[in-house]
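Asks: What follows is coords02.cif; its format and atoms are mmCIF, C-alpha atoms.
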data_structure
#
loop_
_atom_site.group_PDB
_atom_site.id
_atom_site.type_symbol
_atom_site.label_atom_id
_atom_site.label_comp_id
_atom_site.auth_asym_id
_atom_site.auth_seq_id
_atom_site.Cartn_x
_atom_site.Cartn_y
_atom_site.Cartn_z
ATOM 1 C CA PRO A 1273 103.621 101.542 114.062
ATOM 2 C CA ASP A 1274 102.032 104.818 115.079
ATOM 3 C CA TYR A 1275 99.251 105.251 112.529
ATOM 4 C CA ASN A 1276 98.324 108.595 114.133
ATOM 5 C CA ILE A 1277 101.272 110.245 112.427
ATOM 6 C CA ASP A 1278 98.885 111.181 109.598
ATOM 7 C CA LEU A 1279 95.371 109.947 110.207
ATOM 8 C CA ASN A 1280 94.028 111.231 106.911
ATOM 9 C CA PHE A 1281 96.540 109.253 104.889
ATOM 10 C CA TRP A 1282 95.306 106.025 106.487
ATOM 11 C CA LYS A 1283 91.604 106.665 105.832
ATOM 12 C CA LYS A 1284 89.882 104.223 103.536
ATOM 13 C CA GLY A 1285 89.259 106.453 100.513
ATOM 14 C CA ASN A 1286 86.787 105.488 97.788
ATOM 15 C CA LEU A 1287 88.625 103.884 94.895
ATOM 16 C CA LEU A 1288 88.786 100.356 96.338
ATOM 17 C CA SER A 1289 85.104 100.319 97.297
ATOM 18 C CA ASN A 1290 84.086 98.206 94.275
ATOM 19 C CA GLU A 1291 86.908 95.736 94.711
ATOM 20 C CA SER A 1292 86.850 92.416 96.504
ATOM 21 C CA ILE A 1293 90.390 91.282 97.240
ATOM 22 C CA LEU A 1294 91.798 87.902 98.149
ATOM 23 C CA PHE A 1295 95.056 88.217 100.087
ATOM 24 C CA ILE A 1296 97.534 85.395 100.640
ATOM 25 C CA SER A 1297 99.850 86.287 103.482
ATOM 26 C CA GLY A 1298 101.378 84.111 106.146
ATOM 27 C CA GLY A 1299 104.796 84.299 107.715
ATOM 28 C CA SER A 1300 107.682 83.279 105.473
ATOM 29 C CA ARG A 1301 108.455 79.533 105.300
ATOM 30 C CA ASN A 1302 104.895 78.726 106.368
ATOM 31 C CA GLY A 1303 103.547 77.434 103.060
ATOM 32 C CA ASN A 1304 102.619 80.652 101.262
ATOM 33 C CA HIS A 1305 103.844 79.358 97.909
ATOM 34 C CA LEU A 1306 102.131 76.014 98.343
ATOM 35 C CA LEU A 1307 98.852 77.805 99.005
ATOM 36 C CA TYR A 1308 99.506 80.168 96.110
ATOM 37 C CA SER A 1309 100.050 77.282 93.704
ATOM 38 C CA LEU A 1310 96.862 75.550 94.844
ATOM 39 C CA LEU A 1311 94.687 78.654 94.576
ATOM 40 C CA ASP A 1312 96.187 79.959 91.357
ATOM 41 C CA GLY A 1313 94.765 77.102 89.334
ATOM 42 C CA HIS A 1314 91.236 77.544 90.674
ATOM 43 C CA PRO A 1315 88.905 78.419 87.763
ATOM 44 C CA SER A 1316 86.780 80.781 89.880
ATOM 45 C CA LEU A 1317 89.627 82.835 91.316
ATOM 46 C CA PRO A 1318 91.676 85.635 89.743
ATOM 47 C CA THR A 1319 95.106 84.634 88.518
ATOM 48 C CA ILE A 1320 97.850 85.569 90.955
ATOM 49 C CA PRO A 1321 100.920 86.821 89.047
ATOM 50 C CA GLY A 1322 103.226 86.058 91.975
ATOM 51 C CA GLU A 1323 104.550 87.531 95.187
ATOM 52 C CA ASP A 1324 104.817 91.317 95.116
ATOM 53 C CA VAL A 1325 105.987 93.664 97.884
ATOM 54 C CA VAL A 1326 104.661 97.070 96.757
ATOM 55 C CA LEU A 1327 102.025 97.235 99.492
ATOM 56 C CA THR A 1328 104.658 96.461 102.125
ATOM 57 C CA ASN A 1329 107.037 99.052 100.705
ATOM 58 C CA LEU A 1330 104.275 101.665 100.533
ATOM 59 C CA PHE A 1331 103.336 100.899 104.121
ATOM 60 C CA TRP A 1332 106.841 101.456 105.426
ATOM 61 C CA ARG A 1333 107.379 104.476 103.187
ATOM 62 C CA ALA A 1334 104.273 106.051 104.722
ATOM 63 C CA ILE A 1335 105.645 105.306 108.198
ATOM 64 C CA GLU A 1336 109.043 106.733 107.270
ATOM 65 C CA TYR A 1337 107.671 109.958 105.813
ATOM 66 C CA LYS A 1338 105.146 110.416 108.626
ATOM 67 C CA GLY A 1339 103.040 113.488 107.833
ATOM 68 C CA TYR A 1340 104.865 114.205 104.586
ATOM 69 C CA MET A 1341 103.750 111.281 102.433
ATOM 70 C CA ARG A 1342 101.624 113.455 100.148
ATOM 71 C CA GLU A 1343 104.539 115.807 99.635
ATOM 72 C CA TRP A 1344 106.731 112.831 98.726
ATOM 73 C CA LEU A 1345 104.176 111.667 96.178
ATOM 74 C CA GLN A 1346 103.800 115.082 94.599
ATOM 75 C CA ASN A 1347 107.546 115.697 94.499
ATOM 76 C CA THR A 1348 108.369 112.331 92.939
ATOM 77 C CA GLU A 1349 108.945 113.150 89.278
ATOM 78 C CA LYS A 1350 108.428 109.653 87.857
ATOM 79 C CA MET A 1351 105.887 107.941 90.066
ATOM 80 C CA ALA A 1352 105.418 104.940 87.749
ATOM 81 C CA GLU A 1353 109.170 104.322 87.841
ATOM 82 C CA GLU A 1354 109.195 104.613 91.633
ATOM 83 C CA MET A 1355 106.388 102.089 92.000
ATOM 84 C CA ARG A 1356 108.064 99.725 89.547
ATOM 85 C CA LEU A 1357 111.202 99.695 91.654
ATOM 86 C CA MET A 1358 109.169 98.879 94.783
ATOM 87 C CA ASN A 1359 107.697 95.586 93.540
ATOM 88 C CA GLY A 1360 110.693 93.554 94.736
ATOM 89 C CA ALA A 1361 112.875 93.696 97.812
ATOM 90 C CA TYR A 1362 115.826 94.993 95.773
ATOM 91 C CA GLY A 1363 114.314 96.595 92.699
ATOM 92 C CA ASP A 1364 112.030 95.516 89.865
ATOM 93 C CA LYS A 1365 111.303 91.827 90.343
ATOM 94 C CA TRP A 1366 109.009 91.646 87.349
ATOM 95 C CA VAL A 1367 111.550 92.847 84.787
ATOM 96 C CA ARG A 1368 113.929 90.113 85.956
ATOM 97 C CA ALA A 1369 111.118 87.563 85.682
ATOM 98 C CA LEU A 1370 110.568 88.818 82.115
ATOM 99 C CA GLU A 1371 114.263 88.311 81.331
ATOM 100 C CA ARG A 1372 113.979 84.732 82.617
ATOM 101 C CA GLN A 1373 110.828 84.241 80.534
ATOM 102 C CA ARG A 1374 112.716 85.370 77.403
ATOM 103 C CA GLY A 1375 115.660 83.150 78.217
ATOM 104 C CA ASP A 1376 118.054 86.070 78.756
ATOM 105 C CA ILE A 1377 118.810 84.789 82.269
ATOM 106 C CA ARG A 1378 119.062 81.092 83.052
ATOM 107 C CA GLU A 1379 119.282 81.102 86.840
ATOM 108 C CA LEU A 1380 117.480 83.332 89.326
ATOM 109 C CA PRO A 1381 116.844 83.037 93.081
ATOM 110 C CA TRP A 1382 113.582 81.307 93.883
ATOM 111 C CA SER A 1383 111.466 81.111 97.002
ATOM 112 C CA GLY A 1384 112.975 78.432 99.156
ATOM 113 C CA SER A 1385 116.557 79.241 98.193
ATOM 114 C CA THR A 1386 118.757 78.582 101.193
ATOM 115 C CA SER A 1387 120.133 82.018 101.954
ATOM 116 C CA LYS A 1388 119.187 84.505 104.644
ATOM 117 C CA ASN A 1389 119.737 87.733 102.738
ATOM 118 C CA PHE A 1390 118.303 87.297 99.282
ATOM 119 C CA SER A 1391 115.352 88.427 97.238
ATOM 120 C CA ALA A 1392 113.451 85.721 95.384
ATOM 121 C CA VAL A 1393 112.459 86.472 91.803
ATOM 122 C CA LEU A 1394 110.944 83.152 90.791
ATOM 123 C CA GLU A 1395 108.152 81.565 92.791
ATOM 124 C CA PHE A 1396 109.457 78.051 92.123
ATOM 125 C CA GLN A 1397 112.767 76.526 91.126
ATOM 126 C CA ALA A 1398 113.587 76.266 87.402
ATOM 127 C CA THR A 1399 110.374 77.938 86.273
ATOM 128 C CA ALA A 1400 109.655 80.776 83.866
ATOM 129 C CA MET A 1401 106.655 82.898 84.809
ATOM 130 C CA ALA A 1402 104.434 83.994 81.923
ATOM 131 C CA ILE A 1403 103.795 87.682 82.542
ATOM 132 C CA ASN A 1404 102.675 90.681 80.490
ATOM 133 C CA TYR A 1405 105.321 93.127 81.618
ATOM 134 C CA ASP A 1406 104.573 95.713 78.916
ATOM 135 C CA ASN A 1407 100.913 95.873 79.928
ATOM 136 C CA TYR A 1408 101.957 96.283 83.547
ATOM 137 C CA ILE A 1409 104.281 99.195 82.787
ATOM 138 C CA GLU A 1410 101.780 100.915 80.508
ATOM 139 C CA SER A 1411 99.134 100.648 83.189
ATOM 140 C CA LEU A 1412 101.467 102.159 85.787
ATOM 141 C CA LYS A 1413 102.254 105.038 83.447
ATOM 142 C CA SER A 1414 98.567 105.653 82.771
ATOM 143 C CA TYR A 1415 98.017 106.219 86.511
ATOM 144 C CA GLU A 1416 101.121 108.330 87.058
ATOM 145 C CA LYS A 1417 99.389 111.673 87.662
ATOM 146 C CA LYS A 1418 96.673 110.084 89.763
ATOM 147 C CA MET A 1419 99.223 108.297 91.939
ATOM 148 C CA LYS A 1420 101.047 111.562 92.563
ATOM 149 C CA ASN A 1421 97.768 113.107 93.767
ATOM 150 C CA ALA A 1422 96.533 110.153 95.833
ATOM 151 C CA GLU A 1423 94.895 111.274 99.067
ATOM 152 C CA ASN A 1424 95.502 108.081 101.010
ATOM 153 C CA ILE A 1425 97.487 104.872 100.925
ATOM 154 C CA TRP A 1426 94.539 102.711 99.854
ATOM 155 C CA ASP A 1427 93.762 104.825 96.776
ATOM 156 C CA LEU A 1428 97.445 104.593 95.923
ATOM 157 C CA PHE A 1429 97.292 100.831 96.332
ATOM 158 C CA PHE A 1430 94.216 100.732 94.075
ATOM 159 C CA TYR A 1431 96.200 102.256 91.213
ATOM 160 C CA TYR A 1432 99.026 99.798 91.720
ATOM 161 C CA LEU A 1433 96.655 96.838 92.041
ATOM 162 C CA SER A 1434 95.129 97.778 88.688
ATOM 163 C CA ALA A 1435 98.584 97.532 87.103
ATOM 164 C CA TYR A 1436 99.413 94.323 89.002
ATOM 165 C CA LYS A 1437 96.366 92.666 87.438
ATOM 166 C CA GLU A 1438 97.792 93.407 84.002
ATOM 167 C CA LEU A 1439 100.725 91.059 84.615
ATOM 168 C CA THR A 1440 98.506 88.120 83.730
ATOM 169 C CA SER A 1441 96.599 87.466 80.526
ATOM 170 C CA LYS A 1442 94.135 85.001 82.027
ATOM 171 C CA PRO A 1443 90.601 86.465 81.838
ATOM 172 C CA LYS A 1444 88.807 86.896 85.151
ATOM 173 C CA SER A 1445 86.071 84.363 85.780
ATOM 174 C CA SER A 1446 82.594 85.861 85.561
ATOM 175 C CA ASN A 1447 81.501 83.996 88.699
ATOM 176 C CA SER A 1448 84.531 84.852 90.822
ATOM 177 C CA PRO A 1449 83.753 86.315 94.254
ATOM 178 C CA PHE A 1450 86.958 88.388 93.967
ATOM 179 C CA THR A 1451 88.038 91.107 91.574
ATOM 180 C CA ALA A 1452 91.721 90.751 92.478
ATOM 181 C CA ALA A 1453 94.164 88.536 94.353
ATOM 182 C CA TYR A 1454 97.358 89.813 95.937
ATOM 183 C CA PHE A 1455 100.163 87.719 97.394
ATOM 184 C CA CYS A 1456 102.893 88.826 99.773
ATOM 185 C CA SER A 1457 104.195 86.957 102.805
ATOM 186 C CA GLY A 1458 104.517 88.559 106.225
ATOM 187 C CA MET A 1459 101.930 91.328 105.789
ATOM 188 C CA ARG A 1460 100.469 91.157 109.270
ATOM 189 C CA ARG A 1461 100.915 94.902 109.930
ATOM 190 C CA GLU A 1462 99.651 95.828 106.480
ATOM 191 C CA ILE A 1463 96.598 93.562 106.785
ATOM 192 C CA SER A 1464 95.911 95.016 110.235
ATOM 193 C CA ALA A 1465 95.920 98.551 108.824
ATOM 194 C CA PHE A 1466 93.823 97.437 105.836
ATOM 195 C CA ALA A 1467 91.274 95.747 108.078
ATOM 196 C CA GLU A 1468 91.077 98.799 110.316
ATOM 197 C CA ALA A 1469 90.413 101.132 107.382
ATOM 198 C CA SER A 1470 88.202 98.537 105.648
ATOM 199 C CA PRO A 1471 88.348 100.161 102.190
ATOM 200 C CA CYS A 1472 86.625 97.196 100.511
ATOM 201 C CA ASP A 1473 85.490 93.606 100.900
ATOM 202 C CA TYR A 1474 88.395 91.233 101.394
ATOM 203 C CA LYS A 1475 89.486 87.837 102.639
ATOM 204 C CA CYS A 1476 92.962 86.918 103.800
ATOM 205 C CA ILE A 1477 94.148 83.311 103.919
ATOM 206 C CA VAL A 1478 97.060 82.715 106.278
ATOM 207 C CA PRO A 1479 99.022 79.448 106.147
ATOM 208 C CA VAL A 1480 100.653 78.494 109.450
ATOM 209 C CA ARG A 1481 103.192 75.706 109.823
ATOM 210 C CA GLU A 1482 103.963 73.763 112.986
ATOM 211 C CA PHE A 1483 107.153 75.071 114.539
ATOM 212 C CA ARG A 1484 109.140 71.831 114.253
ATOM 213 C CA SER A 1485 108.602 71.703 110.500
ATOM 214 C CA PHE A 1486 109.040 75.472 110.125
ATOM 215 C CA ALA A 1487 112.353 75.442 111.993
ATOM 216 C CA LYS A 1488 113.852 72.789 109.706
ATOM 217 C CA SER A 1489 113.096 74.985 106.691
ATOM 218 C CA LYS A 1490 114.127 78.246 108.330
ATOM 219 C CA ILE A 1491 117.434 76.973 109.706
ATOM 220 C CA LYS A 1492 118.567 75.921 106.231
ATOM 221 C CA GLY A 1493 118.576 79.572 105.255
ATOM 222 C CA LEU A 1494 120.109 80.808 108.479
ATOM 223 C CA LEU A 1495 123.098 78.480 108.704
ATOM 224 C CA SER A 1496 124.852 80.177 105.788
ATOM 225 C CA ASP A 1497 125.074 83.297 108.003
ATOM 226 C CA ILE A 1498 124.877 81.851 111.538
ATOM 227 C CA ASN A 1499 127.338 79.118 112.428
ATOM 228 C CA CYS A 1500 125.715 78.107 115.710
ATOM 229 C CA ILE A 1501 122.677 75.846 115.337
ATOM 230 C CA GLN A 1502 121.307 77.006 118.706
ATOM 231 C CA ASP A 1503 121.444 80.641 117.588
ATOM 232 C CA ALA A 1504 119.650 79.703 114.377
ATOM 233 C CA LEU A 1505 117.024 77.798 116.364
ATOM 234 C CA ASN A 1506 116.509 80.757 118.701
ATOM 235 C CA GLU A 1507 116.081 83.149 115.791
ATOM 236 C CA SER A 1508 113.673 80.729 114.119
ATOM 237 C CA TRP A 1509 111.573 80.527 117.284
ATOM 238 C CA GLU A 1510 111.334 84.301 117.636
ATOM 239 C CA HIS A 1511 110.418 84.676 113.981
ATOM 240 C CA TRP A 1512 107.697 82.010 114.146
ATOM 241 C CA ARG A 1513 106.330 83.002 117.572
ATOM 242 C CA HIS A 1514 105.846 86.697 116.850
ATOM 243 C CA LYS A 1515 104.362 86.330 113.391
ATOM 244 C CA THR A 1516 102.094 83.430 114.273
ATOM 245 C CA THR A 1517 100.812 85.273 117.349
ATOM 246 C CA ASP A 1518 100.103 88.405 115.305
ATOM 247 C CA TYR A 1519 98.129 86.472 112.708
ATOM 248 C CA LEU A 1520 96.154 84.633 115.396
ATOM 249 C CA LEU A 1521 95.252 87.955 116.995
ATOM 250 C CA LEU A 1522 94.147 89.319 113.628
ATOM 251 C CA GLN A 1523 91.998 86.266 113.038
ATOM 252 C CA GLU A 1524 90.416 86.676 116.464
ATOM 253 C CA LYS A 1525 89.654 90.339 115.742
ATOM 254 C CA TYR A 1526 88.394 89.825 112.168
ATOM 255 C CA PRO A 1527 87.030 86.244 112.086
ATOM 256 C CA GLU A 1528 84.846 86.867 109.020
ATOM 257 C CA ASN A 1529 87.774 88.050 106.922
ATOM 258 C CA ILE A 1530 90.944 86.317 108.069
ATOM 259 C CA PHE A 1531 91.279 82.557 107.844
ATOM 260 C CA ILE A 1532 94.140 80.445 109.125
ATOM 261 C CA VAL A 1533 94.908 77.176 107.380
ATOM 262 C CA LYS A 1534 97.429 74.635 108.635
ATOM 263 C CA TYR A 1535 100.320 73.888 106.326
ATOM 264 C CA GLU A 1536 100.138 70.240 107.354
ATOM 265 C CA ASP A 1537 96.512 70.089 106.210
ATOM 266 C CA LEU A 1538 97.476 71.549 102.832
ATOM 267 C CA VAL A 1539 100.054 68.778 102.441
ATOM 268 C CA GLN A 1540 98.262 65.796 103.973
ATOM 269 C CA ARG A 1541 94.591 66.629 103.354
ATOM 270 C CA THR A 1542 94.822 68.821 100.293
ATOM 271 C CA GLU A 1543 91.431 68.165 98.706
ATOM 272 C CA GLN A 1544 89.424 68.410 101.913
ATOM 273 C CA THR A 1545 91.271 71.554 103.015
ATOM 274 C CA MET A 1546 90.879 73.370 99.699
ATOM 275 C CA LYS A 1547 87.115 72.844 99.779
#
Please lay out the structure from this file as structure tokens.
Replies:
Amino acid sequence: PDYNIDLNFWKKGNLLSNESILFISGGSRNGNHLLYSLLDGHPSLPTIPGEDVVLTNLFWRAIEYKGYMREWLQNTEKMAEEMRLMNGAYGDKWVRALERQRGDIRELPWSGSTSKNFSAVLEFQATAMAINYDNYIESLKSYEKKMKNAENIWDLFFYYLSAYKELTSKPKSSNSPFTAAYFCSGMRREISAFAEASPCDYKCIVPVREFRSFAKSKIKGLLSDINCIQDALNESWEHWRHKTTDYLLLQEKYPENIFIVKYEDLVQRTEQTMK
């Protein structure tokens, strides 16, 4: 993307300067949820509510609106409502997770569901995520005016991140090296822009799966829409090749901040890898 469309909106700002963020973001079907589940139970790390796509949606909204992002923010009457509807691929993921938590909905799509065009709500099959949705919404509303007047995308993300933290009730460990953890697969462009602006300390852990194993998982989802196995294999290769290359380039450029971990090591050498 052409970040020069509005240089000021991509500057680092000041609000994130006291944060230290742990990102989990590899290409889809590369072990993101396995890594998430392993890290989420660590006593010295912030709780990760689940996968959330607000940063991705903000990124592409800023690209779409080019030099008019500030005008869009200021003209959006209900900014908290707008942000709420951006947390999932097709609307408010967290309110649907709340409905599952209450037992109002019995079945919801989960990550790993075998369909090409779907939006996962649950991180794992047949689970109910314990979230504090009311706290999340109240926090978003408390930042409404500030979000409308945000000077750059990273200050805007700071306000959202503050609300995202409220989804969990687990207290932050006093000896944690991170103030927040954020999980969204496929954020190679977003992480690149974040690293370039460098608004705060951060680490990004990127799981990468060997192509043979990745393709088996990916093709399961593609065959419901693509009848030809060769076409599905070709699409899987392009998906894996481009995203893996991008993450490797990011790791080469920012070796102190971006770490690649092999999916196979997470499965076969879990304890040694997690150390």
Asks: What does the distance between atom CA of A:Tyr1408 and atom CA of A:Thr1319 come to in Å, to one decimal place?
Replies: 14.4 Å
Asks: For the file shown, what are the residues hit by the PyMOL selection byres ((chain A and resi 1324) around 9), laid out as number ranges by chain?
Replies: A: 1321-1323, 1325-1328, 1358-1361, 1365-1366, 1436, 1454-1457
Asks: Enter the distance from atom CA of A:Val1367 to atom CA of A:Tyr1405, in Å, rounded to one decimal.
Replies: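 Interatomic distance here is 7.0 Å.
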Asks: Provide the atom CA of A:Leu1307 to atom CA of A:Glu1438 distance in Å, to one decimal place.
Replies: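 Taking atom CA of A:Leu1307 as the start and atom CA of A:Glu1438 as the end point, the length is 21.7 Å.
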Asks: Have a look at A:Ala1435, A:Ile1296, A:Ile1335, A:Lys1284 and name the one nearest to A:Arg1356; count all atoms listed in the file.
Replies: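 Using all atoms listed in the file, the shortest distance to A:Arg1356 belongs to A:Ala1435.
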Asks: Mind checking which residues fall within 12 Å of A:Arg1301, counting only C-alpha atoms, ignoring those fewer than 6 positions away in the same chain, and posting them as a ChimeraX atom specification?
Replies: /A:1307,1383-1386,1388,1457-1458,1478-1493,1508,1511-1512,1515-1516,1535
Asks: For A:Leu1287, which of A:Lys1418, A:Lys1534, A:His1305, A:Arg1461 is the closest residue, counting only C-alpha atoms?
Replies: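 Nearest to A:Leu1287: A:Lys1418.
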Asks: Return the single residue from A:Leu1357, A:Met1401, A:Leu1345, A:Met1351 that is closest to A:Gly1375, with distances computed using all atoms listed in the file.
Replies: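 Comparing A:Leu1357, A:Met1401, A:Leu1345, A:Met1351 against A:Gly1375, the winner is A:Met1401.
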Asks: Residues at most 9 Å from A:Leu1433, counting only C-alpha atoms, excluding those fewer than 4 positions away in the same chain, as a ChimeraX atom specification?
Replies: /A:1428-1429,1437-1438,1452-1454
